[in-house]
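J.: Data file query.tsv (TSV, C-alpha atoms) is appended below.
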```
chain	number	residue	atom	x	y	z
I	1	MET	CA	8.00	36.50	26.17
I	2	ASN	CA	9.20	32.91	25.82
I	3	ILE	CA	12.72	32.30	24.56
I	4	ILE	CA	13.28	28.83	23.12
I	5	TYR	CA	16.81	27.56	22.64
I	6	HIS	CA	16.56	24.63	20.29
I	7	ALA	CA	18.74	22.09	18.55
I	8	LYS	CA	18.55	18.51	17.40
I	9	ARG	CA	19.92	17.25	20.70
I	10	PRO	CA	19.45	18.64	24.20
I	11	TYR	CA	23.12	19.26	25.01
I	12	LEU	CA	23.52	22.73	23.47
I	13	PRO	CA	20.10	24.12	24.45
I	14	LEU	CA	20.64	23.10	28.07
I	15	LEU	CA	23.99	24.82	28.04
I	16	ALA	CA	22.55	27.94	26.43
I	17	CYS	CA	19.72	28.06	28.99
I	18	ALA	CA	22.27	27.77	31.80
I	19	LEU	CA	24.30	30.62	30.30
I	20	HIS	CA	21.23	32.76	29.70
I	21	LEU	CA	20.11	32.33	33.30
I	22	GLY	CA	23.56	33.21	34.57
I	23	LEU	CA	24.39	29.78	35.92
I	24	ASN	CA	27.82	28.25	35.69
I	25	ASN	CA	28.78	25.91	32.92
I	26	GLU	CA	26.51	23.10	33.96
I	27	ALA	CA	24.94	21.21	31.13
I	28	GLU	CA	21.96	19.83	33.02
I	29	PRO	CA	21.21	22.13	35.97
I	30	PHE	CA	17.43	21.99	35.61
I	31	LEU	CA	17.00	18.26	36.01
I	32	PRO	CA	16.82	16.47	39.36
I	33	ALA	CA	20.15	14.83	40.14
I	34	GLY	CA	20.47	11.26	38.96
I	35	GLN	CA	17.35	11.39	36.80
I	36	ARG	CA	17.39	10.83	33.08
I	37	ARG	CA	14.91	12.65	30.97
I	38	ASP	CA	13.41	11.04	27.89
I	39	TRP	CA	13.67	13.89	25.41
I	40	ARG	CA	11.82	11.90	22.76
I	41	THR	CA	8.59	12.02	24.77
I	42	GLU	CA	9.16	15.35	26.58
I	43	PRO	CA	11.11	17.53	24.17
I	44	LEU	CA	10.40	20.92	25.79
I	45	LEU	CA	11.80	21.86	29.19
I	46	VAL	CA	11.20	25.14	31.00
I	47	ALA	CA	14.57	26.15	32.45
I	48	GLY	CA	13.49	29.25	34.34
I	49	SER	CA	12.90	32.99	34.08
I	50	ASP	CA	15.60	35.52	33.37
I	51	SER	CA	16.08	38.96	34.93
I	52	ASP	CA	13.84	40.55	32.29
I	53	GLY	CA	10.98	38.22	33.17
I	54	ALA	CA	11.27	36.16	30.00
I	55	THR	CA	10.73	32.41	30.28
I	56	VAL	CA	13.73	30.46	29.04
I	57	CYS	CA	13.01	27.06	27.48
I	58	CYS	CA	15.07	24.25	26.04
I	59	LEU	CA	13.80	22.25	23.07
I	60	ALA	CA	15.40	19.12	21.63
I	61	HIS	CA	13.51	18.32	18.46
I	62	GLY	CA	15.61	15.68	16.76
I	63	ARG	CA	15.30	15.85	12.98
I	64	HIS	CA	11.86	17.51	13.12
I	65	GLY	CA	13.00	21.09	13.78
I	66	GLY	CA	10.78	22.69	11.15
I	67	LEU	CA	7.71	20.78	12.31
I	68	TYR	CA	8.19	21.79	15.95
I	69	ARG	CA	8.85	25.38	15.01
I	70	ARG	CA	5.76	25.67	12.79
I	71	THR	CA	3.51	24.05	15.39
I	72	LEU	CA	4.72	26.03	18.41
I	73	ALA	CA	4.78	29.28	16.42
I	74	GLY	CA	1.24	28.47	15.25
I	75	MET	CA	0.12	28.01	18.86
I	76	ALA	CA	1.74	31.33	19.79
I	77	GLY	CA	-0.26	32.96	16.96
I	78	ILE	CA	-3.55	31.34	17.99
I	79	PHE	CA	-3.19	32.10	21.70
I	80	SER	CA	-1.47	35.48	21.22
I	81	PHE	CA	1.82	35.21	23.06
I	82	SER	CA	5.30	35.91	21.79
I	83	LEU	CA	8.09	33.44	21.11
I	84	ALA	CA	11.74	34.05	20.31
I	85	TRP	CA	13.73	31.27	18.70
I	86	VAL	CA	17.45	30.64	18.93
I	87	ASP	CA	18.58	27.85	16.62
I	88	LEU	CA	21.77	26.61	18.23
I	89	ASP	CA	22.65	24.15	15.48
I	90	ARG	CA	22.71	27.06	13.05
I	91	GLU	CA	24.34	29.38	15.56
I	92	ILE	CA	27.17	26.93	16.07
I	93	ALA	CA	27.51	26.16	12.37
I	94	ALA	CA	27.40	29.85	11.43
I	95	HIS	CA	30.27	30.65	13.77
I	96	GLY	CA	32.32	27.74	12.52
I	97	LEU	CA	32.86	26.75	16.09
I	98	THR	CA	33.10	23.02	15.86
I	99	ALA	CA	32.47	20.05	13.68
I	100	GLN	CA	29.04	18.51	14.14
I	101	LEU	CA	30.82	15.26	14.91
I	102	ARG	CA	32.31	16.72	18.07
I	103	VAL	CA	28.90	17.90	19.26
I	104	PHE	CA	27.48	14.48	18.46
I	105	LEU	CA	30.21	12.71	20.41
I	106	ALA	CA	29.83	15.02	23.39
I	107	ASP	CA	26.10	14.54	23.36
I	108	ARG	CA	26.26	10.77	23.13
I	109	TRP	CA	29.11	10.21	25.56
I	110	PRO	CA	29.34	13.36	27.70
I	111	ALA	CA	31.63	11.73	30.26
I	112	ALA	CA	34.22	10.90	27.61
I	113	PHE	CA	33.91	13.81	25.19
I	114	GLY	CA	31.86	16.47	26.98
I	115	HIS	CA	34.71	18.08	28.89
I	116	ARG	CA	36.68	18.64	25.69
I	117	LEU	CA	33.78	20.34	23.99
I	118	LEU	CA	32.28	22.20	26.91
I	119	PRO	CA	34.81	25.02	27.51
I	120	ARG	CA	35.02	25.93	23.86
I	121	ILE	CA	31.30	25.74	23.22
I	122	THR	CA	30.61	27.65	26.41
I	123	ALA	CA	32.92	30.49	25.51
I	124	ASP	CA	31.64	30.71	21.96
I	125	LEU	CA	28.02	30.43	22.95
I	126	ARG	CA	28.45	33.11	25.59
I	127	ALA	CA	29.95	35.45	23.00
I	128	SER	CA	27.20	34.63	20.55
I	129	LEU	CA	24.44	35.15	23.12
I	130	LEU	CA	25.96	38.40	24.33
I	131	ALA	CA	26.10	39.66	20.76
I	132	ARG	CA	22.47	38.70	20.28
I	133	ARG	CA	21.51	40.43	23.52
I	134	ARG	CA	23.33	43.60	22.46
I	135	GLU	CA	21.46	43.52	19.16
I	136	ASP	CA	18.16	43.13	21.02
I	137	CYS	CA	19.00	46.16	23.21
I	138	ARG	CA	19.56	48.43	20.22
L	1	MET	CA	-12.40	28.94	22.62
L	2	ASN	CA	-10.14	27.21	20.11
L	3	ILE	CA	-10.73	23.62	19.01
L	4	ILE	CA	-7.82	21.94	17.27
L	5	TYR	CA	-8.16	18.62	15.47
L	6	TYR	CA	-4.86	16.98	14.61
L	7	CYS	CA	-3.71	13.96	12.64
L	8	PHE	CA	-0.64	12.77	10.71
L	9	ALA	CA	-0.43	15.07	7.70
L	10	GLY	CA	-3.26	17.53	8.29
L	11	ALA	CA	-4.76	16.54	4.97
L	12	HIS	CA	-7.55	14.02	5.63
L	13	ALA	CA	-8.72	13.08	9.14
L	14	SER	CA	-8.31	16.47	10.82
L	15	VAL	CA	-9.67	18.30	7.77
L	16	VAL	CA	-12.82	16.14	7.69
L	17	ALA	CA	-13.34	16.32	11.48
L	18	SER	CA	-12.98	20.11	11.54
L	19	ALA	CA	-15.28	20.45	8.51
L	20	ILE	CA	-17.97	18.35	10.24
L	21	HIS	CA	-17.54	20.50	13.35
L	22	CYS	CA	-18.03	23.71	11.35
L	23	GLY	CA	-21.02	22.31	9.45
L	24	LEU	CA	-19.21	22.23	6.10
L	25	LEU	CA	-19.95	18.50	5.87
L	26	PRO	CA	-23.32	16.97	6.85
L	27	GLY	CA	-23.77	15.03	10.08
L	28	ASP	CA	-26.79	13.00	8.95
L	29	ARG	CA	-25.49	11.30	5.80
L	30	VAL	CA	-22.26	10.18	4.15
L	31	PRO	CA	-21.02	12.88	1.73
L	32	ALA	CA	-20.28	12.16	-1.93
L	33	PHE	CA	-16.80	12.20	-3.45
L	34	GLY	CA	-17.20	15.77	-4.72
L	35	GLU	CA	-18.15	17.10	-1.29
L	36	PHE	CA	-14.91	15.77	0.20
L	37	VAL	CA	-12.59	17.04	-2.51
L	38	ASP	CA	-14.30	20.44	-2.55
L	39	LEU	CA	-13.24	20.98	1.07
L	40	PRO	CA	-10.42	23.48	1.42
L	41	TYR	CA	-7.12	21.64	2.03
L	42	TYR	CA	-8.57	18.11	1.66
L	43	ASP	CA	-5.61	16.01	0.40
L	44	ARG	CA	-3.82	19.24	-0.46
L	45	THR	CA	-1.60	20.11	2.52
L	46	ALA	CA	1.98	20.35	1.27
L	47	PRO	CA	4.48	18.28	3.30
L	48	ARG	CA	6.61	21.36	4.00
L	49	LEU	CA	3.61	23.03	5.66
L	50	ILE	CA	2.78	20.15	8.00
L	51	GLY	CA	2.76	21.52	11.53
L	52	THR	CA	1.08	24.82	10.66
L	53	PRO	CA	-2.40	25.09	12.19
L	54	TYR	CA	-5.07	26.19	9.69
L	55	LEU	CA	-8.37	27.79	10.54
L	56	MET	CA	-11.29	25.83	9.07
L	57	GLY	CA	-13.99	28.16	10.39
L	58	GLN	CA	-16.29	28.75	13.34
L	59	ASP	CA	-18.95	26.51	14.82
L	60	GLU	CA	-22.46	27.51	15.86
L	61	TYR	CA	-21.19	28.70	19.27
L	62	GLY	CA	-18.49	30.94	17.81
L	63	HIS	CA	-15.61	28.60	18.69
L	64	ARG	CA	-12.75	28.75	16.22
L	65	VAL	CA	-11.94	25.36	14.70
L	66	TYR	CA	-8.46	24.52	13.42
L	67	PHE	CA	-6.83	21.47	11.87
L	68	LEU	CA	-3.20	20.49	12.15
L	69	GLY	CA	-0.78	17.78	10.99
L	70	LEU	CA	1.86	16.58	13.42
L	71	TRP	CA	3.59	13.85	11.41
L	72	ASP	CA	4.66	10.96	13.67
L	73	GLN	CA	5.35	13.41	16.51
L	74	ARG	CA	1.82	13.68	17.86
L	75	LYS	CA	2.59	12.65	21.45
L	76	PRO	CA	5.84	14.60	22.00
L	77	LEU	CA	4.53	17.66	20.19
L	78	MET	CA	1.31	17.66	22.19
L	79	ALA	CA	3.42	17.38	25.35
L	80	ALA	CA	5.52	20.36	24.19
L	81	VAL	CA	2.41	22.37	23.31
L	82	GLY	CA	0.96	21.63	26.76
L	83	VAL	CA	4.13	22.85	28.49
L	84	LEU	CA	4.29	25.95	26.31
L	85	LEU	CA	0.65	26.92	26.84
L	86	ALA	CA	0.97	26.42	30.60
L	87	THR	CA	4.14	28.54	30.62
L	88	ALA	CA	2.45	31.29	28.59
L	89	GLY	CA	-0.42	31.34	31.08
L	90	VAL	CA	-3.07	30.17	28.62
L	91	ASP	CA	-6.17	28.92	30.43
L	92	GLU	CA	-6.66	25.16	29.92
L	93	ARG	CA	-10.33	25.80	29.20
L	94	ALA	CA	-9.42	28.08	26.28
L	95	SER	CA	-8.51	25.17	24.03
L	96	LEU	CA	-9.44	21.61	23.19
L	97	PHE	CA	-7.14	19.29	21.27
L	98	GLN	CA	-8.56	16.18	19.61
L	99	ASP	CA	-6.54	13.46	17.89
L	100	ALA	CA	-8.41	12.39	14.73
L	101	PHE	CA	-5.75	10.03	13.40
L	102	PRO	CA	-6.96	6.80	15.12
L	103	LEU	CA	-10.12	6.95	12.98
L	104	ILE	CA	-8.19	6.73	9.72
L	105	ASN	CA	-8.45	3.33	8.03
L	106	PHE	CA	-5.98	1.45	5.84
L	107	SER	CA	-7.48	2.61	2.56
L	108	THR	CA	-7.15	6.30	3.49
L	109	LYS	CA	-3.55	5.77	4.64
L	110	ILE	CA	-2.58	4.06	1.38
L	111	GLY	CA	-4.51	6.64	-0.65
L	112	GLY	CA	-2.72	9.49	1.13
L	113	LEU	CA	0.63	7.83	0.49
L	114	LEU	CA	-0.14	7.39	-3.23
L	115	SER	CA	-1.45	10.92	-3.57
L	116	LYS	CA	1.24	12.79	-1.65
L	117	ARG	CA	4.40	10.74	-1.95
L	118	TYR	CA	3.98	9.03	-5.33
L	119	ARG	CA	1.97	11.84	-6.94
L	120	LEU	CA	-0.76	9.47	-8.08
L	121	THR	CA	-3.24	12.13	-7.05
L	122	ASN	CA	-6.33	10.89	-8.88
L	123	LEU	CA	-6.11	7.28	-7.68
L	124	GLY	CA	-4.87	8.25	-4.23
L	125	ARG	CA	-7.56	10.84	-3.66
L	126	ARG	CA	-10.29	8.37	-4.66
L	127	MET	CA	-8.90	5.82	-2.21
L	128	THR	CA	-8.79	8.37	0.62
L	129	VAL	CA	-12.41	9.37	-0.01
L	130	TRP	CA	-13.52	5.71	-0.24
L	131	GLY	CA	-11.89	5.08	3.14
L	132	MET	CA	-13.33	8.27	4.62
L	133	GLN	CA	-16.84	7.34	3.50
L	134	ARG	CA	-16.54	4.00	5.33
L	135	GLN	CA	-15.33	5.70	8.50
L	136	TYR	CA	-17.60	8.74	8.26
L	137	PRO	CA	-20.07	7.73	11.05
L	138	ALA	CA	-17.11	7.38	13.43
L	139	PHE	CA	-15.97	10.93	12.55
L	140	VAL	CA	-19.48	12.28	13.15
L	141	ALA	CA	-19.59	10.49	16.53
L	142	MET	CA	-16.18	11.90	17.50
L	143	VAL	CA	-17.24	15.46	16.65
L	144	ALA	CA	-20.50	15.00	18.57
L	145	ASP	CA	-18.42	13.84	21.54
L	146	VAL	CA	-16.21	16.94	21.28
L	147	LYS	CA	-19.30	19.18	21.17
L	148	ARG	CA	-20.67	17.41	24.26
L	149	LYS	CA	-17.38	18.12	26.06
L	150	LEU	CA	-17.63	21.80	25.07
L	151	GLN	CA	-21.09	22.10	26.59
L	152	GLN	CA	-20.00	20.62	29.95
```
Kindly return the structure encoded in the file as structure tokens.
T.:
Amino acid sequence: MNIIYHAKRPYLPLLACALHLGLNNEAEPFLPAGQRRDWRTEPLLVAGSDSDGATVCCLAHGRHGGLYRRTLAGMAGIFSFSLAWVDLDREIAAHGLTAQLRVFLADRWPAAFGHRLLPRITADLRASLLARRREDCR
Amino acid sequence: MNIIYYCFAGAHASVVASAIHCGLLPGDRVPAFGEFVDLPYYDRTAPRLIGTPYLMGQDEYGHRVYFLGLWDQRKPLMAAVGVLLATAGVDERASLFQDAFPLINFSTKIGGLLSKRYRLTNLGRRMTVWGMQRQYPAFVAMVADVKRKLQQ
């Protein structure tokens, strides 16, 4: 099983992967310190494996979410493996957690705006992911 | 083994390349207009379905041949697919991806634009086929190269 947390920008998926893997509220724990990743050329990052053995991935697809989803789901169909998708943009919007502007600002200038967004997003995302996990267990 | 040809919209280059691979188009002559437009999906892939891989058929060795449109995201999407397949434990030798877009010429690009975006299907389709006919030997050579790789 591969779980893909995806959004337009990498900020939320990285956070969700960190939460899923039980790490603290670190937005970029999977990247070597001091290195910048070019998400436009490498949009998919494998964050790690969770306690159930599922691979947790982070996908930042920009404005091409549907295209990425169709292609990767198509590959899963051709090569017979399973994918689970968590659309964080929709998850956040559905919970009315924050204005998209705040996410945008935190993503563009994390040093200036990230710390204001992070605690709230983290708490809400954790609740949302826990709810999803409970649903999966039923 | 799965062979996947990809291009911009999954409507012209990848469709023709996969059809040549499956033997639906001849390798020894340039097909007529009707042979191109009779191909399933030629100039017909809806923009909202771009990204979905379609099965064109099987070749003489039983390999399954697909075509796929990746919009202007060919490089990042191929990188993502590579990571995903490696993560899922798919053997590298179980698939072959071939970019068919570089073979497309100006006439086919303009024809595709007229046909899909401006809905001038008749004129656009004729332009795409005219361009394809000029580039057809290059498509045949590319498919022959892919088949050589498969035999190695």
J.: Which value, in Å to one decimal, gives the distance between CA of Ala144 (chain L) and CA of Ala13 (chain L)?
T.: 15.2 Å
J.: Which residues come within 8 Å of Leu114 (chain L), counting all atoms listed in the file, excluding same-chain residues fewer than 6 positions away, as a ChimeraX atom specification?
T.: /L:120-121,123-124
J.: Check every residue of chain I for an atom within 12 Å of chain L, counting all atoms listed in the file, and provide those that qualify as number ranges by chain.
T.: I: 1-4, 38-49, 53-83
J.: Figure out the distance between CA of Ser18 (chain L) and CA of Met56 (chain L), please, to one decimal in Å.
T.: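 Here the two named atoms are 6.5 Å from each other.
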J.: What is the CA of Ala17 (chain L)-CA of Pro102 (chain L) distance in Å, reported with one decimal?
T.: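 Result for CA of Ala17 (chain L) versus CA of Pro102 (chain L): 12.0 Å, one decimal.
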J.: With distances taken over only C-alpha atoms, which of L:Leu25, L:Val129, L:Leu150, L:Val143 is nearest to Val37 (chain L)?
T.: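 Among the listed residues, the smallest separation from Val37 (chain L) belongs to L:Val129.
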J.: Using only C-alpha atoms, determine which residues lie at most 12 Å from Asp38 (chain L), disregarding the query and same-chain residues fewer than 5 positions distant; provide the list as a list of chain:residue names.
T.: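 Contacts, with the query itself left out: L:Val15, L:Val16, L:Ala19, L:Leu24, L:Leu25, L:Pro31, L:Ala32, L:Phe33, L:Asp43, L:Arg44, L:Arg125, L:Val129.
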J.: With all atoms listed in the file as the atoms that count, which of L:Gln151, L:Gln58, L:Asn105, L:Asn122 lies nearest to Ile20 (chain L)?
T.: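 Of the candidates, the smallest distance to Ile20 (chain L) is held by L:Gln58.
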